[in-house]
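File shown here: coords.cif, holding mmCIF, C-alpha atoms.
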data_model
loop_
_atom_site.label_atom_id
_atom_site.label_comp_id
_atom_site.auth_asym_id
_atom_site.auth_seq_id
_atom_site.Cartn_x
_atom_site.Cartn_y
_atom_site.Cartn_z
CA MET R 1318 -8.90 32.28 32.05
CA SER R 1319 -5.22 32.47 32.82
CA ASN R 1320 -2.69 32.04 30.05
CA ASN R 1321 -1.99 28.41 29.05
CA PRO R 1322 -0.22 26.64 26.14
CA TYR R 1323 -3.51 25.78 24.38
CA LYS R 1324 -4.96 29.28 24.41
CA SER R 1325 -3.67 30.49 21.03
CA LEU R 1326 -3.80 27.21 19.08
CA PRO R 1327 -5.76 27.07 15.79
CA SER R 1328 -9.29 25.66 15.78
CA ARG R 1329 -8.30 22.50 13.86
CA GLN R 1330 -6.45 21.33 16.99
CA PHE R 1331 -9.64 21.19 19.06
CA TRP R 1332 -12.09 18.30 18.67
CA SER R 1333 -15.15 20.48 19.34
CA ASN R 1334 -14.23 22.78 16.43
CA ALA R 1335 -12.59 20.40 13.98
CA VAL R 1336 -14.82 17.33 14.39
CA THR R 1337 -17.97 17.85 16.45
CA ASN R 1338 -19.37 20.71 14.39
CA VAL R 1339 -18.18 19.49 10.97
CA PRO R 1340 -20.15 17.17 8.65
CA PRO R 1341 -18.19 13.92 8.23
CA PHE R 1342 -17.83 14.37 4.46
CA ALA R 1343 -16.25 17.79 5.06
CA LEU R 1344 -13.64 16.71 7.61
CA ASP R 1345 -10.31 18.30 6.75
CA LEU R 1346 -7.22 16.54 8.09
CA ARG R 1347 -4.70 18.31 5.89
CA SER R 1348 -1.38 19.47 7.28
CA SER R 1349 0.40 22.57 6.06
CA ASP R 1350 3.83 20.98 6.48
CA ASN R 1351 4.06 19.15 3.14
CA PHE R 1352 5.87 19.29 -0.17
CA THR R 1353 4.15 19.98 -3.49
CA ILE R 1354 3.62 17.45 -6.29
CA SER R 1355 3.65 19.05 -9.73
CA SER R 1356 1.90 17.75 -12.84
CA ASP R 1357 5.30 16.71 -14.22
CA ASP R 1358 6.44 14.74 -11.18
CA ARG R 1359 6.56 10.99 -11.77
CA VAL R 1360 4.34 9.57 -9.02
CA ALA R 1361 4.62 5.87 -8.21
CA THR R 1362 2.64 3.65 -5.85
CA ALA R 1363 3.41 0.50 -3.86
CA GLY R 1364 1.81 -1.31 -0.97
CA SER R 1365 -1.38 -3.10 -0.01
CA CYS R 1366 -4.52 -3.37 -2.12
CA PHE R 1367 -5.82 0.09 -1.08
CA ALA R 1368 -2.85 1.52 -2.98
CA GLN R 1369 -4.60 0.35 -6.16
CA ARG R 1370 -7.52 2.67 -5.40
CA VAL R 1371 -5.01 5.47 -4.85
CA ALA R 1372 -3.36 4.71 -8.21
CA VAL R 1373 -6.68 4.90 -10.06
CA ALA R 1374 -7.51 8.16 -8.30
CA LEU R 1375 -4.10 9.63 -9.12
CA ARG R 1376 -4.70 9.00 -12.81
CA ALA R 1377 -8.19 10.48 -12.61
CA SER R 1378 -6.81 13.58 -10.88
CA GLN R 1379 -4.35 14.20 -13.73
CA PHE R 1380 -1.22 13.30 -11.80
CA ASN R 1381 1.65 11.86 -13.83
CA TYR R 1382 1.19 8.27 -12.67
CA TYR R 1383 4.49 6.52 -13.34
CA VAL R 1384 4.70 2.94 -14.63
CA THR R 1385 7.99 1.34 -15.67
CA GLU R 1386 6.70 -2.19 -16.30
CA THR R 1387 4.21 -1.82 -19.14
CA ALA R 1388 2.23 -4.41 -21.08
CA PRO R 1389 3.80 -5.86 -24.24
CA ALA R 1390 2.80 -4.21 -27.52
CA GLY R 1391 -0.43 -5.58 -28.91
CA MET R 1392 -1.81 -6.86 -25.60
CA SER R 1393 -5.42 -5.86 -25.01
CA HIS R 1394 -6.35 -3.61 -22.11
CA ALA R 1395 -8.40 -6.39 -20.49
CA GLN R 1396 -5.52 -8.86 -20.71
CA ALA R 1397 -3.04 -6.29 -19.39
CA GLN R 1398 -5.30 -5.68 -16.39
CA ALA R 1399 -5.61 -9.41 -15.72
CA LEU R 1400 -1.81 -9.71 -15.73
CA GLN R 1401 -1.49 -6.66 -13.43
CA TYR R 1402 0.33 -4.38 -15.83
CA GLY R 1403 -0.27 -0.88 -14.47
CA THR R 1404 -1.94 -2.10 -11.28
CA TYR R 1405 1.12 -0.73 -9.55
CA SER R 1406 4.08 1.15 -10.97
CA ALA R 1407 5.84 -2.16 -11.52
CA ARG R 1408 4.42 -5.65 -11.56
CA TYR R 1409 5.30 -6.54 -7.95
CA GLY R 1410 1.74 -7.22 -6.79
CA ASN R 1411 0.60 -6.41 -3.28
CA LEU R 1412 3.33 -5.43 -0.83
CA TYR R 1413 1.53 -5.92 2.48
CA TYR R 1414 4.53 -6.07 4.81
CA THR R 1415 7.34 -3.60 5.39
CA ARG R 1416 10.01 -6.32 5.07
CA GLN R 1417 8.75 -6.90 1.51
CA PHE R 1418 9.89 -3.39 0.53
CA VAL R 1419 13.42 -4.04 1.77
CA GLN R 1420 13.63 -7.45 0.16
CA LEU R 1421 12.15 -6.26 -3.13
CA PHE R 1422 14.93 -3.69 -3.37
CA ASP R 1423 17.63 -6.18 -2.39
CA ARG R 1424 16.36 -8.85 -4.77
CA ALA R 1425 16.15 -6.36 -7.64
CA TYR R 1426 19.74 -5.24 -7.06
CA GLY R 1427 21.14 -8.73 -6.50
CA ILE R 1428 21.87 -8.16 -2.82
CA PHE R 1429 19.51 -10.93 -1.64
CA GLU R 1430 18.75 -14.13 -3.53
CA PRO R 1431 16.13 -16.16 -1.65
CA GLU R 1432 16.53 -19.89 -1.47
CA LEU R 1433 12.88 -20.26 -2.47
CA THR R 1434 12.50 -19.53 -6.19
CA THR R 1435 9.24 -21.06 -7.44
CA TRP R 1436 6.02 -22.65 -6.29
CA GLU R 1437 4.24 -25.38 -8.18
CA ARG R 1438 0.45 -25.33 -8.28
CA ALA R 1439 -1.92 -28.27 -8.12
CA ASP R 1440 -2.44 -28.02 -11.89
CA GLY R 1441 1.29 -28.40 -12.57
CA ARG R 1442 1.82 -24.74 -13.48
CA PHE R 1443 4.42 -22.61 -11.70
CA VAL R 1444 4.19 -19.23 -9.94
CA ASP R 1445 6.57 -16.73 -8.40
CA PRO R 1446 6.22 -17.12 -4.59
CA PHE R 1447 6.85 -13.40 -4.13
CA ARG R 1448 4.05 -12.32 -6.50
CA PRO R 1449 1.96 -15.48 -6.90
CA ARG R 1450 -1.10 -13.91 -8.53
CA ILE R 1451 0.39 -11.65 -11.20
CA GLN R 1452 0.07 -14.46 -13.78
CA PRO R 1453 -3.42 -16.00 -13.29
CA GLY R 1454 -2.67 -18.86 -15.66
CA GLY R 1455 0.70 -19.53 -14.08
CA PHE R 1456 3.94 -20.24 -15.93
CA ALA R 1457 4.76 -23.38 -17.89
CA SER R 1458 8.11 -23.88 -16.18
CA ALA R 1459 10.40 -22.63 -13.44
CA ASP R 1460 12.61 -21.13 -16.16
CA GLU R 1461 9.69 -18.96 -17.33
CA VAL R 1462 9.22 -17.73 -13.76
CA ARG R 1463 12.87 -16.74 -13.57
CA ALA R 1464 12.84 -14.99 -16.96
CA ALA R 1465 9.76 -12.95 -16.01
CA ARG R 1466 11.38 -12.11 -12.69
CA ASP R 1467 14.56 -10.83 -14.37
CA ALA R 1468 12.51 -8.49 -16.59
CA HIS R 1469 10.53 -7.39 -13.55
CA PHE R 1470 13.65 -6.56 -11.55
CA ALA R 1471 14.96 -4.39 -14.39
CA ALA R 1472 11.69 -2.42 -14.27
CA VAL R 1473 11.91 -2.13 -10.47
CA ARG R 1474 15.45 -0.75 -10.64
CA ARG R 1475 14.39 1.79 -13.25
CA LEU R 1476 11.41 2.76 -11.11
CA PHE R 1477 13.40 3.35 -7.93
CA GLU R 1478 16.10 5.31 -9.73
CA THR R 1479 13.81 7.63 -11.73
CA LEU R 1480 10.60 8.22 -9.73
CA ASP R 1481 10.00 11.63 -8.17
CA VAL R 1482 7.37 10.69 -5.57
CA LEU R 1483 6.57 7.27 -4.09
CA VAL R 1484 3.23 6.78 -2.33
CA ILE R 1485 3.58 3.87 0.11
CA THR R 1486 0.50 2.26 1.64
CA LEU R 1487 1.26 0.08 4.66
CA GLY R 1488 -1.06 -2.91 4.97
CA GLN R 1489 -0.42 -5.57 7.62
CA THR R 1490 1.93 -6.91 10.28
CA GLU R 1491 1.12 -10.65 10.02
CA SER R 1492 3.24 -12.49 7.46
CA TRP R 1493 4.69 -15.83 6.40
CA ARG R 1494 8.41 -16.34 5.87
CA TRP R 1495 10.73 -19.01 4.50
CA ARG R 1496 12.56 -20.19 7.60
CA ALA R 1497 15.96 -20.77 5.96
CA ASP R 1498 16.64 -17.14 5.03
CA GLY R 1499 13.67 -15.06 6.23
CA ALA R 1500 12.26 -14.38 2.75
CA VAL R 1501 8.82 -12.75 3.22
CA LEU R 1502 5.83 -13.96 1.20
CA PRO R 1503 2.71 -11.96 0.31
CA LEU R 1504 0.52 -15.04 0.83
CA ALA R 1505 0.75 -18.13 2.96
CA PRO R 1506 2.01 -21.24 1.16
CA GLY R 1507 -0.82 -23.32 -0.24
CA VAL R 1508 -3.14 -20.37 -0.94
CA ALA R 1509 -1.97 -19.57 -4.47
CA GLY R 1510 0.79 -22.15 -4.92
CA GLY R 1511 3.21 -24.25 -2.96
CA THR R 1512 2.38 -26.50 -0.02
CA TYR R 1513 2.36 -25.49 3.62
CA ASP R 1514 5.02 -27.23 5.70
CA PRO R 1515 5.61 -25.77 9.20
CA ALA R 1516 9.18 -27.04 9.09
CA LEU R 1517 9.85 -24.74 6.11
CA TYR R 1518 7.55 -21.75 6.72
CA ALA R 1519 7.11 -19.59 9.81
CA PHE R 1520 4.30 -17.24 10.81
CA VAL R 1521 5.49 -13.84 12.05
CA ASN R 1522 3.62 -10.90 13.56
CA VAL R 1523 5.85 -7.85 13.93
CA GLY R 1524 5.89 -4.89 16.29
CA VAL R 1525 6.67 -1.20 15.93
CA ALA R 1526 10.45 -1.61 16.22
CA GLU R 1527 10.71 -4.03 13.30
CA VAL R 1528 8.37 -1.96 11.12
CA ILE R 1529 10.44 1.18 11.71
CA ASP R 1530 13.67 -0.72 11.11
CA ASP R 1531 12.32 -2.08 7.80
CA LEU R 1532 11.10 1.32 6.63
CA ASN R 1533 14.36 3.02 7.57
CA GLY R 1534 16.23 0.33 5.68
CA PHE R 1535 14.09 0.77 2.59
CA LEU R 1536 14.33 4.57 2.64
CA ASP R 1537 18.11 4.43 3.01
CA ARG R 1538 18.27 2.13 -0.02
CA LEU R 1539 15.88 4.26 -2.08
CA TRP R 1540 17.71 7.49 -1.33
CA ARG R 1541 21.03 5.86 -2.09
CA VAL R 1542 19.98 5.30 -5.72
CA ASN R 1543 17.63 8.31 -5.95
CA PRO R 1544 18.62 11.07 -3.48
CA SER R 1545 15.87 13.47 -4.59
CA ALA R 1546 12.98 11.01 -4.23
CA ARG R 1547 10.13 12.12 -1.99
CA VAL R 1548 7.85 9.74 -0.12
CA VAL R 1549 4.21 9.97 0.94
CA MET R 1550 3.45 7.35 3.58
CA THR R 1551 0.01 6.23 4.59
CA VAL R 1552 -1.73 3.26 6.21
CA SER R 1553 -4.40 1.22 4.47
CA PRO R 1554 -7.86 1.52 6.06
CA VAL R 1555 -8.85 -1.83 4.50
CA ALA R 1556 -9.19 -4.45 7.24
CA MET R 1557 -7.36 -7.77 7.06
CA VAL R 1558 -9.23 -10.71 5.54
CA ALA R 1559 -8.17 -13.22 8.17
CA THR R 1560 -5.80 -13.63 11.11
CA TYR R 1561 -3.68 -16.68 11.89
CA LEU R 1562 -3.64 -15.80 15.58
CA ASP R 1563 -6.08 -17.56 17.89
CA GLN R 1564 -8.24 -14.49 18.50
CA HIS R 1565 -11.01 -12.47 16.87
CA VAL R 1566 -9.99 -10.96 13.54
CA MET R 1567 -11.04 -7.48 14.72
CA THR R 1568 -8.57 -7.70 17.61
CA SER R 1569 -5.77 -8.69 15.26
CA ASN R 1570 -6.72 -5.98 12.79
CA CYS R 1571 -6.72 -3.30 15.50
CA TYR R 1572 -3.25 -4.39 16.63
CA SER R 1573 -1.90 -4.50 13.09
CA LYS R 1574 -3.18 -1.08 12.04
CA SER R 1575 -2.15 0.49 15.35
CA ILE R 1576 1.41 -0.78 14.92
CA LEU R 1577 1.62 0.54 11.35
CA ARG R 1578 0.06 3.91 12.20
CA ALA R 1579 2.39 4.43 15.16
CA ALA R 1580 5.45 3.42 13.14
CA ALA R 1581 4.51 5.66 10.22
CA GLY R 1582 4.00 8.66 12.48
CA GLU R 1583 7.25 8.14 14.34
CA LEU R 1584 9.24 7.58 11.16
CA CYS R 1585 7.88 10.59 9.28
CA ALA R 1586 8.54 12.85 12.26
CA ALA R 1587 12.16 11.72 12.38
CA ARG R 1588 13.26 11.45 8.74
CA GLY R 1589 13.08 15.04 7.51
CA ASP R 1590 11.15 16.93 4.85
CA LYS R 1591 11.43 14.34 2.05
CA ILE R 1592 8.86 12.08 3.68
CA VAL R 1593 5.40 13.02 4.98
CA TYR R 1594 2.51 11.12 6.51
CA PHE R 1595 -0.83 11.40 4.73
CA PRO R 1596 -3.86 10.57 6.93
CA SER R 1597 -6.06 8.45 4.64
CA TYR R 1598 -6.34 5.81 7.38
CA ASP R 1599 -7.29 8.41 9.97
CA LEU R 1600 -9.89 9.96 7.68
CA ILE R 1601 -11.62 6.70 6.74
CA THR R 1602 -11.59 4.95 10.12
CA GLY R 1603 -12.32 7.97 12.34
CA SER R 1604 -15.30 7.58 14.66
CA ALA R 1605 -16.93 10.71 13.22
CA ASN R 1606 -17.63 8.80 10.00
CA ALA R 1607 -19.55 6.07 11.81
CA GLY R 1608 -18.36 3.55 9.22
CA ARG R 1609 -20.04 5.35 6.31
CA TYR R 1610 -16.96 4.98 4.10
CA TYR R 1611 -17.02 1.18 4.28
CA ASP R 1612 -18.90 -1.19 1.99
CA GLU R 1613 -21.41 -3.67 3.37
CA ASP R 1614 -18.58 -6.10 4.20
CA GLN R 1615 -17.28 -3.50 6.70
CA ARG R 1616 -13.82 -4.03 5.20
CA THR R 1617 -13.40 -2.50 1.75
CA ILE R 1618 -13.69 1.23 1.10
CA ASN R 1619 -16.51 2.72 -0.95
CA ASP R 1620 -16.16 5.29 -3.71
CA ALA R 1621 -17.26 8.19 -1.50
CA GLY R 1622 -14.44 7.39 0.92
CA VAL R 1623 -11.83 7.27 -1.85
CA ARG R 1624 -13.08 10.59 -3.24
CA HIS R 1625 -12.81 12.22 0.19
CA VAL R 1626 -9.26 10.91 0.54
CA MET R 1627 -8.30 12.25 -2.88
CA ARG R 1628 -9.85 15.67 -2.19
CA GLN R 1629 -7.56 15.81 0.82
CA PHE R 1630 -4.62 14.56 -1.25
CA LEU R 1631 -5.11 17.28 -3.85
CA GLY R 1632 -5.59 19.92 -1.19
CA THR R 1633 -2.38 18.78 0.47
CA PHE R 1634 0.02 18.22 -2.41
CA ALA R 1635 -1.52 20.09 -5.36
CA THR R 1636 -3.50 23.03 -4.04
CA ASN R 1637 -3.83 24.52 -7.53
CA ARG R 1638 -5.88 21.47 -8.53
CA ALA R 1639 -7.81 21.03 -5.31
CA GLU R 1640 -11.52 20.39 -5.61
CA PRO R 1641 -14.03 22.63 -3.79
CA ALA R 1642 -15.48 21.36 -0.55
CA VAL R 1643 -18.61 19.26 -1.03
CA HIS R 1644 -21.94 20.24 0.50
CA ARG R 1645 -23.25 16.69 0.78
CA ALA R 1646 -21.85 13.18 0.52
CA LEU R 1647 -22.18 11.79 -2.99
CA ILE R 1648 -22.27 8.02 -3.46
CA ASP R 1649 -22.25 6.54 -6.94
CA LEU R 1650 -23.13 2.89 -6.30
CA GLN R 1651 -22.22 1.72 -9.79
CA ALA R 1652 -18.85 3.49 -9.72
CA GLU R 1653 -18.24 2.00 -6.29
CA ALA R 1654 -18.96 -1.51 -7.52
CA ASN R 1655 -16.78 -1.07 -10.59
CA CYS R 1656 -13.83 0.24 -8.58
CA ASN R 1657 -13.94 -2.53 -6.00
CA ALA R 1658 -14.31 -5.21 -8.68
CA ALA R 1659 -11.08 -4.02 -10.31
CA VAL R 1660 -9.01 -4.13 -7.10
CA ILE R 1661 -6.76 -7.18 -6.82
CA CYS R 1662 -6.38 -8.08 -3.15
CA ASP R 1663 -4.15 -11.13 -2.89
CA GLU R 1664 -5.18 -12.05 0.63
CA GLU R 1665 -8.83 -12.52 -0.43
CA ALA R 1666 -7.64 -15.80 -1.95
CA ILE R 1667 -7.36 -17.10 1.63
CA THR R 1668 -11.15 -17.37 1.91
CA ARG R 1669 -11.81 -18.85 -1.51
#
Written as structure tokens, how would this file's structure read?
Amino acid sequence: MSNNPYKSLPSRQFWSNAVTNVPPFALDLRSSDNFTISSDDRVATAGSCFAQRVAVALRASQFNYYVTETAPAGMSHAQAQALQYGTYSARYGNLYYTRQFVQLFDRAYGIFEPELTTWERADGRFVDPFRPRIQPGGFASADEVRAARDAHFAAVRRLFETLDVLVITLGQTESWRWRADGAVLPLAPGVAGGTYDPALYAFVNVGVAEVIDDLNGFLDRLWRVNPSARVVMTVSPVAMVATYLDQHVMTSNCYSKSILRAAAGELCAARGDKIVYFPSYDLITGSANAGRYYDEDQRTINDAGVRHVMRQFLGTFATNRAEPAVHRALIDLQAEANCNAAVICDEEAITR
């Protein structure tokens, strides 16, 4: 064969060598072009509900999982979990949409003050529209919502300014916004508070350009207050619960994940060595797995899938703590059930 540009490439760049002849549970998607995360680095998480599985796995893998909004002294572990203390690094709940990252930063630093401040529930209790499920029992008054929000913003500022590594999990492109000022909500009005009024709320489904613009905006803000922060970006392999578009939910999900995956790849290639893409989405959803990393609902990820992702994570960012390759896929059904039961996925409230 004559010389050609593919002739000397490593085997991992050929499907027949890297996929066809490799057991699915041994697929290795690691890249060598990454930074290292030490045991002392403060590692924070934010994003969609799959990021909660990542947070649990980070703790289990002896990373220094960083939380700046901790439960009050004397609160039981069960109550702290119910109130989402430690679910993420601060009590911001699920951040499904890229515009949420920008607006969370701007709200925490007083740059953006949304016109919408509270939602009232059917039972007369109040919730924060931007994290409507962090207080299951709701708040007694709008003033309580504002006081909790002020404390939350202080924790968010401390988080952004002092973290070493932020793991971002991108979730969806479909969102609901307050028409007057574009404030993005994690849930549609009426699902966990408030009342839907099409004159006040707009449905939005974004494309690659807006996602990249949002992420660039957030990174610029983060690096302004924390120049040494490093970012690991990934896309959630968890499918959307429902679509508002008049089409099959699988079609909407494919569009949404494709947009996020394309945007993440383009952004990480352009922004330098302080941000890298980690292929958890690619690993879980790849055709070679034939869906084996999904639960029976074909949406949520089972324990074996999370363990494979974390083996890759360790092998990528902490090679000194990497686990040996497995010789067969191990599935602990009880552990899988426990992990999924503990994950708080706000959008699941849509179907209840």
* Name all residues at most 12 Å from Asp1514 in chain R (count only C-alpha atoms; drop same-chain ones fewer than 4 positions away) and give them as a ChimeraX atom specification. => /R:1493-1496,1505-1507,1518-1520
Identify the residues within 12 Å of coordinate (-9.8, 11.4, -11.8) (same frame as the file), considering all atoms listed in the file, and give the answer as a tab-separated table (two decimals) with C-alpha atoms, in the frame of the given file.
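Saved file point-v1.tsv follows:
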chain	number	residue	atom	x	y	z
R	1370	ARG	CA	-7.52	2.67	-5.40
R	1371	VAL	CA	-5.01	5.47	-4.85
R	1372	ALA	CA	-3.36	4.71	-8.21
R	1373	VAL	CA	-6.68	4.90	-10.06
R	1374	ALA	CA	-7.51	8.16	-8.30
R	1375	LEU	CA	-4.10	9.63	-9.12
R	1376	ARG	CA	-4.70	9.00	-12.81
R	1377	ALA	CA	-8.19	10.48	-12.61
R	1378	SER	CA	-6.81	13.58	-10.88
R	1379	GLN	CA	-4.35	14.20	-13.73
R	1380	PHE	CA	-1.22	13.30	-11.80
R	1381	ASN	CA	1.65	11.86	-13.83
R	1382	TYR	CA	1.19	8.27	-12.67
R	1620	ASP	CA	-16.16	5.29	-3.71
R	1623	VAL	CA	-11.83	7.27	-1.85
R	1624	ARG	CA	-13.08	10.59	-3.24
R	1627	MET	CA	-8.30	12.25	-2.88
R	1628	ARG	CA	-9.85	15.67	-2.19
R	1631	LEU	CA	-5.11	17.28	-3.85
R	1638	ARG	CA	-5.88	21.47	-8.53
R	1639	ALA	CA	-7.81	21.03	-5.31
R	1640	GLU	CA	-11.52	20.39	-5.61
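Distances to Glu1386 in chain R were evaluated for R:Tyr1610, R:Glu1432, R:Ala1464, R:Arg1474 using all atoms listed in the file, and the minimum falls at R:Arg1474.
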Within 6 Å of range 1401-1413 of chain R, counting only C-alpha atoms, which residues qualify if same-chain residues fewer than 2 places away don't, as a compact mmCIF listing (two decimals) with C-alpha atoms, in the coordinates of the input?
# COMPACT_ATOMS: atom_id res chain seq x y z
CA ALA R 1361 4.62 5.87 -8.21
CA THR R 1362 2.64 3.65 -5.85
CA GLY R 1364 1.81 -1.31 -0.97
CA SER R 1365 -1.38 -3.10 -0.01
CA TYR R 1383 4.49 6.52 -13.34
CA VAL R 1384 4.70 2.94 -14.63
CA THR R 1385 7.99 1.34 -15.67
CA GLU R 1386 6.70 -2.19 -16.30
CA THR R 1387 4.21 -1.82 -19.14
CA ALA R 1388 2.23 -4.41 -21.08
CA ALA R 1397 -3.04 -6.29 -19.39
CA GLN R 1398 -5.30 -5.68 -16.39
CA ALA R 1399 -5.61 -9.41 -15.72
CA ARG R 1448 4.05 -12.32 -6.50
CA ILE R 1451 0.39 -11.65 -11.20
CA GLY R 1488 -1.06 -2.91 4.97
CA GLN R 1489 -0.42 -5.57 7.62
Output the residue selection produced by the PyMOL selection byres ((chain R and resi 1416) around 10) on the file above, formatted as a PDB file with C-alpha atoms, keeping the file's coordinate frame.
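Final file, expr.pdb:
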ATOM      1  CA  LEU R1412       3.330  -5.430  -0.830  1.00  0.00           C
ATOM      2  CA  TYR R1413       1.530  -5.920   2.480  1.00  0.00           C
ATOM      3  CA  TYR R1414       4.530  -6.070   4.810  1.00  0.00           C
ATOM      4  CA  THR R1415       7.340  -3.600   5.390  1.00  0.00           C
ATOM      5  CA  GLN R1417       8.750  -6.900   1.510  1.00  0.00           C
ATOM      6  CA  PHE R1418       9.890  -3.390   0.530  1.00  0.00           C
ATOM      7  CA  VAL R1419      13.420  -4.040   1.770  1.00  0.00           C
ATOM      8  CA  GLN R1420      13.630  -7.450   0.160  1.00  0.00           C
ATOM      9  CA  LEU R1421      12.150  -6.260  -3.130  1.00  0.00           C
ATOM     10  CA  THR R1490       1.930  -6.910  10.280  1.00  0.00           C
ATOM     11  CA  SER R1492       3.240 -12.490   7.460  1.00  0.00           C
ATOM     12  CA  GLY R1499      13.670 -15.060   6.230  1.00  0.00           C
ATOM     13  CA  ALA R1500      12.260 -14.380   2.750  1.00  0.00           C
ATOM     14  CA  VAL R1501       8.820 -12.750   3.220  1.00  0.00           C
ATOM     15  CA  LEU R1502       5.830 -13.960   1.200  1.00  0.00           C
ATOM     16  CA  VAL R1523       5.850  -7.850  13.930  1.00  0.00           C
ATOM     17  CA  GLU R1527      10.710  -4.030  13.300  1.00  0.00           C
ATOM     18  CA  VAL R1528       8.370  -1.960  11.120  1.00  0.00           C
ATOM     19  CA  ASP R1530      13.670  -0.720  11.110  1.00  0.00           C
ATOM     20  CA  ASP R1531      12.320  -2.080   7.800  1.00  0.00           C
ATOM     21  CA  LEU R1532      11.100   1.320   6.630  1.00  0.00           C
ATOM     22  CA  GLY R1534      16.230   0.330   5.680  1.00  0.00           C
ATOM     23  CA  PHE R1535      14.090   0.770   2.590  1.00  0.00           C
TER      24      PHE R1535
END
* **Interatomic distance (Å, one decimal) between CA of Ala1556 in chain R and CA of Gly1622 in chain R** => 14.4 Å
* Asked: Distance CA of Leu1483 in chain R-CA of Gly1391 in chain R, one decimal place?
  -> 28.8 Å
Taking the file as I've supplied it (selection: the PyMOL selection byres ((chain R and resi 1611) around 10)), which residues are included? Please answer as a compact mmCIF listing (two decimals) with C-alpha atoms, in the coordinates of the input.
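Contents of the output file out.txt:
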# COMPACT_ATOMS: atom_id res chain seq x y z
CA PRO R 1554 -7.86 1.52 6.06
CA VAL R 1555 -8.85 -1.83 4.50
CA ILE R 1601 -11.62 6.70 6.74
CA THR R 1602 -11.59 4.95 10.12
CA ASN R 1606 -17.63 8.80 10.00
CA ALA R 1607 -19.55 6.07 11.81
CA GLY R 1608 -18.36 3.55 9.22
CA ARG R 1609 -20.04 5.35 6.31
CA TYR R 1610 -16.96 4.98 4.10
CA ASP R 1612 -18.90 -1.19 1.99
CA GLU R 1613 -21.41 -3.67 3.37
CA ASP R 1614 -18.58 -6.10 4.20
CA GLN R 1615 -17.28 -3.50 6.70
CA ARG R 1616 -13.82 -4.03 5.20
CA THR R 1617 -13.40 -2.50 1.75
CA ILE R 1618 -13.69 1.23 1.10
CA ASN R 1619 -16.51 2.72 -0.95
CA ASP R 1620 -16.16 5.29 -3.71
CA ALA R 1621 -17.26 8.19 -1.50
CA GLY R 1622 -14.44 7.39 0.92
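One distance worth recording is that between CA of Ser1328 in chain R and CA of Ala1605 in chain R, which is 17.0 Å.
Residues matched by the PyMOL selection byres ((chain R and resi 1344) around 10) in this file: Ala1335, Val1336, Thr1337, Asn1338, Val1339, Pro1340, Pro1341, Phe1342, Ala1343, Asp1345, Leu1346, Arg1347, Leu1600, Ala1605, Asn1606, His1625, Gln1629 and Ala1642 of chain R.
Between Ile1529 in chain R and the residues R:Ala1579, R:Val1558, R:Ile1485, R:Pro1544, the shortest atom-to-atom distance, using all atoms listed in the file, involves R:Ala1579.
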* Structure fact -> One residue among R:Phe1352, R:Phe1429, R:Phe1443, R:Phe1470 is nearest to Ala1546 in chain R when using only C-alpha atoms, and that residue is R:Phe1352
Let me have the centre and edge lengths of the axis-aligned box enclosing all listed atoms of range 1353-1358 of chain R with 8 Å padding on every side, in Å to one decimal, as lines of an AutoDock Vina configuration file.
center_x = 4.2
center_y = 17.4
center_z = -8.9
size_x = 20.5
size_y = 21.2
size_z = 26.7
* **Shortest interatomic distance to Glu1478 in chain R - which of R:Asn1533, R:Asn1543, R:Gln1369, R:Ser1458, counting all atoms listed in the file** => R:Asn1543
* To do: Tell me which of R:Val1508, R:Leu1577, R:Cys1662, R:Ala1457 sits closest to Gly1441 in chain R, counting all atoms listed in the file.
  => R:Ala1457
* Do you know which residues are at most 10 Å from Asn1351 in chain R counting only C-alpha atoms, after dropping those on the same chain fewer than 6 positions away, and could you put them as a PyMOL selection string? -> chain R and resi 1549+1590-1595+1633-1634
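Around Ser1553 in chain R, within 6 Å and counting all atoms listed in the file, the residues found are Phe1367, Thr1486, Leu1487, Gly1488 and Tyr1598 of chain R, once anything fewer than 4 positions away on its own chain is removed.
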Please dump the current selection as a PDB file, in the coordinates of the input; keep C-alpha atoms.
ATOM      1  CA  PHE R1367      -5.820   0.090  -1.080  1.00  0.00           C
ATOM      2  CA  THR R1486       0.500   2.260   1.640  1.00  0.00           C
ATOM      3  CA  LEU R1487       1.260   0.080   4.660  1.00  0.00           C
ATOM      4  CA  GLY R1488      -1.060  -2.910   4.970  1.00  0.00           C
ATOM      5  CA  TYR R1598      -6.340   5.810   7.380  1.00  0.00           C
TER       6      TYR R1598
END
